[in-house]
>>> print(open('query-v3.tsv').read())   # TSV, C-alpha atoms
chain	number	residue	atom	x	y	z
B	1	VAL	CA	12.49	37.28	-23.71
B	2	ILE	CA	10.69	36.29	-20.49
B	3	LEU	CA	10.42	39.85	-19.22
B	4	THR	CA	9.33	41.23	-22.59
B	5	GLN	CA	6.70	38.51	-22.92
B	6	ILE	CA	5.32	39.46	-19.52
B	7	GLU	CA	5.32	43.14	-20.50
B	8	GLY	CA	3.04	42.57	-23.45
B	9	ASP	CA	1.53	45.69	-25.03
B	10	LEU	CA	1.83	48.15	-22.18
B	11	ASP	CA	0.83	51.15	-24.31
B	12	GLU	CA	-2.64	49.80	-25.04
B	13	SER	CA	-4.26	46.96	-23.16
B	14	GLY	CA	-1.72	46.63	-20.38
B	15	GLY	CA	-1.81	42.92	-21.06
B	16	GLY	CA	1.01	40.46	-21.17
B	17	LYS	CA	1.61	36.88	-20.18
B	18	THR	CA	2.13	35.39	-16.77
B	19	PHE	CA	5.64	34.39	-15.81
B	20	GLN	CA	4.95	30.71	-16.51
B	21	GLU	CA	3.37	31.51	-19.89
B	22	ALA	CA	6.38	33.61	-20.83
B	23	LEU	CA	8.74	30.87	-19.67
B	24	ASP	CA	6.88	28.25	-21.72
B	25	ALA	CA	7.02	30.52	-24.79
B	26	ALA	CA	10.78	30.95	-24.35
B	27	LYS	CA	11.17	27.17	-24.10
B	28	GLU	CA	9.26	26.71	-27.34
B	29	MET	CA	11.65	29.18	-28.99
B	30	GLY	CA	14.57	27.06	-27.76
B	31	ILE	CA	16.30	29.94	-25.98
B	32	VAL	CA	16.01	28.70	-22.39
B	33	GLU	CA	18.52	26.33	-20.84
B	34	ALA	CA	17.41	22.78	-19.99
B	35	ASP	CA	17.70	23.89	-16.37
B	36	GLU	CA	15.49	26.97	-16.53
B	37	GLY	CA	17.06	28.32	-13.34
B	38	MET	CA	20.24	29.02	-15.30
B	39	ASP	CA	18.39	31.78	-17.15
B	40	VAL	CA	15.72	32.79	-14.66
B	41	ASP	CA	18.16	33.18	-11.76
B	42	GLY	CA	20.77	35.08	-13.74
B	43	TYR	CA	23.42	32.35	-13.83
B	44	ASP	CA	23.64	32.22	-17.63
B	45	ALA	CA	24.03	36.00	-17.74
B	46	ALA	CA	26.83	35.77	-15.17
B	47	VAL	CA	28.60	33.09	-17.24
B	48	LYS	CA	28.42	35.25	-20.36
B	49	LEU	CA	29.62	38.29	-18.43
B	50	ARG	CA	32.60	36.45	-17.01
B	51	ALA	CA	33.50	35.04	-20.43
B	52	LEU	CA	33.48	38.58	-21.82
B	53	LEU	CA	35.70	39.77	-18.97
B	54	VAL	CA	38.17	36.97	-19.67
B	55	VAL	CA	38.44	38.11	-23.29
B	56	LEU	CA	38.70	41.81	-22.41
B	57	THR	CA	41.32	41.12	-19.74
B	58	ARG	CA	43.40	38.70	-21.81
B	59	GLY	CA	47.05	39.28	-21.02
B	60	MET	CA	46.30	41.80	-18.28
B	61	ASP	CA	45.71	39.02	-15.77
B	62	GLU	CA	49.21	37.73	-16.45
B	63	GLN	CA	51.17	40.96	-16.16
B	64	SER	CA	54.43	41.00	-14.25
B	65	CYS	CA	54.59	42.61	-10.82
B	66	ASP	CA	55.82	45.81	-12.48
B	67	GLY	CA	52.63	46.26	-14.50
B	68	ASP	CA	48.89	46.46	-13.90
B	69	LYS	CA	47.42	43.09	-13.11
B	70	VAL	CA	43.65	42.62	-13.30
B	71	ARG	CA	41.72	40.08	-11.25
B	72	ILE	CA	38.63	38.43	-12.79
B	73	PRO	CA	35.90	37.42	-10.30
B	74	THR	CA	34.94	33.81	-9.84
B	75	MET	CA	31.34	32.80	-10.53
B	76	GLY	CA	30.70	32.74	-6.80
B	77	GLU	CA	31.76	36.37	-6.51
B	78	ILE	CA	29.23	37.64	-9.08
B	79	ASP	CA	26.09	38.68	-7.21
B	80	ARG	CA	22.94	37.65	-9.09
B	81	ASP	CA	19.28	38.63	-9.00
B	82	SER	CA	16.37	36.44	-10.11
B	83	ILE	CA	13.32	37.38	-12.15
B	84	ARG	CA	11.12	34.65	-10.66
B	85	ASP	CA	9.13	37.01	-8.48
B	86	VAL	CA	8.47	39.73	-11.07
B	87	THR	CA	4.70	39.90	-11.69
B	88	ARG	CA	2.54	41.64	-14.28
B	89	GLU	CA	1.40	43.95	-11.50
B	90	ASP	CA	5.02	44.93	-10.78
B	91	ILE	CA	5.57	45.65	-14.46
B	92	ARG	CA	2.38	47.72	-14.75
B	93	ARG	CA	3.31	49.79	-11.70
B	94	ALA	CA	6.80	50.40	-13.10
B	95	TYR	CA	5.35	51.44	-16.46
B	96	ALA	CA	2.93	53.82	-14.73
B	97	ASP	CA	5.92	55.37	-12.98
B	98	GLY	CA	7.59	57.06	-15.95
B	99	LYS	CA	7.07	54.14	-18.35
B	100	LYS	CA	9.98	52.28	-16.76
B	101	LYS	CA	10.73	48.65	-17.65
B	102	TYR	CA	12.49	45.83	-15.86
B	103	ARG	CA	15.66	44.46	-17.38
B	104	LEU	CA	18.10	41.87	-16.01
B	105	VAL	CA	21.41	43.63	-16.53
B	106	ALA	CA	24.84	42.00	-16.28
B	107	SER	CA	27.51	44.62	-15.72
B	108	ALA	CA	31.11	44.98	-14.63
B	109	ARG	CA	33.22	47.93	-13.57
B	110	LEU	CA	37.01	48.00	-13.44
B	111	ILE	CA	38.20	49.57	-10.20
B	112	ASP	CA	41.53	50.11	-8.49
B	113	SER	CA	42.98	48.72	-5.28
B	114	GLN	CA	39.99	47.00	-3.71
B	115	LEU	CA	36.39	46.02	-4.36
B	116	PRO	CA	33.46	47.65	-2.54
B	117	ASP	CA	32.68	46.09	0.81
B	118	ARG	CA	30.13	43.32	0.25
B	119	GLU	CA	29.63	39.77	1.39
B	120	LEU	CA	31.25	37.34	-1.01
B	121	SER	CA	32.50	33.79	-0.78
B	122	ALA	CA	36.05	34.88	-1.54
B	123	GLN	CA	38.60	35.18	1.24
B	124	ARG	CA	39.42	38.71	2.31
B	125	SER	CA	42.50	40.13	3.93
B	126	GLU	CA	42.43	42.30	7.05
B	127	ASN	CA	42.33	45.56	5.07
B	128	GLY	CA	39.18	44.48	3.17
B	129	THR	CA	40.75	43.64	-0.18
B	130	TYR	CA	40.48	40.23	-1.79
B	131	SER	CA	43.39	38.02	-0.93
B	132	SER	CA	45.52	36.82	-3.81
B	133	THR	CA	47.27	33.49	-4.28
B	134	ASP	CA	49.98	34.91	-6.56
B	135	ASN	CA	53.20	36.58	-5.51
B	136	CYS	CA	52.47	40.18	-6.42
B	137	GLY	CA	48.67	40.46	-6.27
B	138	ALA	CA	46.43	42.47	-8.55
B	139	SER	CA	46.20	46.24	-8.79
B	140	LYS	CA	42.74	46.29	-10.43
B	141	TRP	CA	39.54	44.27	-10.04
B	142	TRP	CA	36.38	43.64	-12.01
B	143	HIS	CA	33.32	44.32	-9.84
B	144	ALA	CA	30.64	42.22	-11.59
B	145	THR	CA	26.91	41.84	-10.90
B	146	VAL	CA	23.69	40.62	-12.52
B	147	ARG	CA	20.96	42.96	-11.32
B	148	LEU	CA	17.25	43.38	-11.97
B	149	GLN	CA	16.98	47.07	-12.83
B	150	LEU	CA	14.19	49.50	-13.63
B	151	LEU	CA	15.23	51.42	-16.74
B	152	PRO	CA	13.78	54.66	-18.16
B	153	PRO	CA	12.89	55.06	-21.87
B	154	SER	CA	16.18	56.89	-22.45
B	155	ASP	CA	18.25	53.81	-21.61
B	156	PRO	CA	19.73	51.89	-24.61
B	157	LEU	CA	18.47	48.60	-23.15
B	158	TYR	CA	14.91	49.84	-22.78
B	159	ASN	CA	13.60	48.92	-26.25
B	160	LEU	CA	15.04	45.40	-26.38
B	161	SER	CA	12.31	42.87	-27.13
B	162	GLY	CA	11.93	39.15	-27.64
B	163	SER	CA	15.34	37.48	-27.68
B	164	ASP	CA	17.24	40.71	-28.41
B	165	ALA	CA	20.56	41.13	-26.63
B	166	SER	CA	22.88	44.08	-26.23
B	167	VAL	CA	26.28	44.97	-24.79
B	168	GLN	CA	27.44	48.47	-23.93
B	169	PHE	CA	31.02	49.60	-23.36
B	170	HIS	CA	32.10	52.62	-21.32
B	171	THR	CA	35.75	53.63	-21.68
B	172	ASP	CA	37.94	56.43	-20.37
B	173	VAL	CA	37.93	58.02	-23.84
B	174	LEU	CA	34.94	56.76	-25.82
B	175	GLY	CA	31.48	55.69	-24.93
B	176	PRO	CA	28.99	54.56	-24.32
B	177	ILE	CA	29.34	52.22	-27.30
B	178	SER	CA	26.37	49.89	-27.80
B	179	ILE	CA	26.14	46.68	-29.84
B	180	VAL	CA	22.72	45.10	-30.39
B	181	SER	CA	21.87	41.61	-31.60
B	182	SER	CA	18.30	41.70	-32.91
B	183	ASN	CA	16.26	38.52	-32.59
B	184	PRO	CA	19.20	36.07	-32.57
B	185	THR	CA	18.39	32.45	-33.41
B	186	LEU	CA	19.89	29.07	-32.57
B	187	VAL	CA	22.11	29.53	-35.64
B	188	ASP	CA	23.84	32.43	-33.86
B	189	THR	CA	24.49	30.23	-30.83
B	190	ALA	CA	25.67	27.30	-32.94
B	191	TYR	CA	28.06	29.52	-34.91
B	192	GLY	CA	29.50	30.97	-31.72
B	193	LEU	CA	30.06	27.49	-30.29
B	194	PHE	CA	31.62	26.26	-33.55
B	195	SER	CA	34.00	29.23	-33.76
B	196	ASP	CA	35.06	28.67	-30.13
B	197	ILE	CA	35.85	25.02	-30.85
B	198	VAL	CA	37.90	26.00	-33.90
B	199	ARG	CA	39.80	28.65	-31.92
B	200	VAL	CA	40.54	26.26	-29.03
B	201	ALA	CA	41.74	23.60	-31.49
B	202	SER	CA	43.98	26.05	-33.34
B	203	GLU	CA	45.54	27.36	-30.11
B	204	SER	CA	45.91	23.98	-28.49
B	205	LYS	CA	49.48	22.84	-27.82
B	206	LEU	CA	48.51	19.20	-27.67
>>> encode(input="query-v3.tsv", output="C-alpha cells")
Amino acid sequence: VILTQIEGDLDESGGGKTFQEALDAAKEMGIVEADEGMDVDGYDAAVKLRALLVVLTRGMDEQSCDGDKVRIPTMGEIDRDSIRDVTREDIRRAYADGKKKYRLVASARLIDSQLPDRELSAQRSENGTYSSTDNCGASKWWHATVRLQLLPPSDPLYNLSGSDASVQFHTDVLGPISIVSSNPTLVDTAYGLFSDIVRVASESKL
C-alpha cells in the first residue's frame, strides 16, 4: 500500500504522496505493524515467505537419508531490501521508462545441491554449501529473498493497488499460477490468526 500510495495517478497528473504521507495513510488503515520497520524494511514479507515455505515443505524437511530432504532458510538467511529510500522522483522516472512500477517482491526458488554464493550469516562448509547439523544433510535448498523490483505492465504483480496481495507459483509442470487477495481487511488477518490457533490446538499433543 505504501508504494501504491506514492505512485498516485501516474497516467494523469504524475502526483502521489510522499513516503511519510503514504506511511501515515497505511497506519490509519491499520495495515502497518506497530514497528513500521517490520513492513518498510521487508521483514514482515520475509516472515510470510518463510511461513509459506514451511507449509510447502512440510514433511520434505524430515525425509530419511534415502529421500530428498529440503532445507528452509532461517530469517537471517533471507536477504531483504527496504523501500525507505524510494522517492516520487524514482517512481516517475521508472514510469517514464516503459511505465514500470516498483514492487517489493518476496520470492523463493528451490535448487539442488548448494545455494548461490552470497554472504549470509549461516555457516558454510569448505565446498561452499551450507553446513548441516543433521546426519545426512539436505539435497535441496530454498533460496529466498525480499527484493525491490521494477516490474513491466505485463507482470501479474504490476496492477496490485492499495492493500492488495498476490502469490504466484511456478512448478515443473504447471504455472505460473497466481492467487490475488483484493483489498484484504483486518477481518482477513483475524480469521487467519484464529484458524492458526485452532489448527495448533487440534494438533497439539499436550
>>> residues_near_point(input="query-v3.tsv", point="(18.0, 35.8, -7.3)", cutoff="10 Å", atoms="all atoms listed in the file", output="MDAnalysis selection string")
chainID B and resid 37 40:43 79:85 146:148
>>> residues_around(input="query-v3.tsv", residues="Tyr158 of chain B", least_positions_apart="3", cutoff="12 Å", atoms="all atoms listed in the file", output="list in words")
Leu3, Thr4, Glu7, Tyr95, Lys99, Lys100, Lys101, Tyr102, Arg103, Leu104, Val105, Gln149, Leu150, Leu151, Pro152, Pro153, Ser154, Asp155, Ser161, Asp164, Ala165, Ser166 and Val180 of chain B
>>> axis_aligned_box(input="query-v3.tsv", around="segment 155-160 of chain B", padding_each_side="6 Å", output="lines of an AutoDock Vina configuration file")
center_x = 16.7
center_y = 49.6
center_z = -24.0
size_x = 18.1
size_y = 20.4
size_z = 16.8
>>> atom_distance(input="query-v3.tsv", atom1="atom CA of Val47 of chain B", atom2="atom CA of Ala26 of chain B")
19.3 Å
>>> closest_residue(input="query-v3.tsv", among="B:His170, B:Arg88, B:Arg109, B:Arg71", to="Ala22 of chain B", atoms="all atoms listed in the file")
B:Arg88
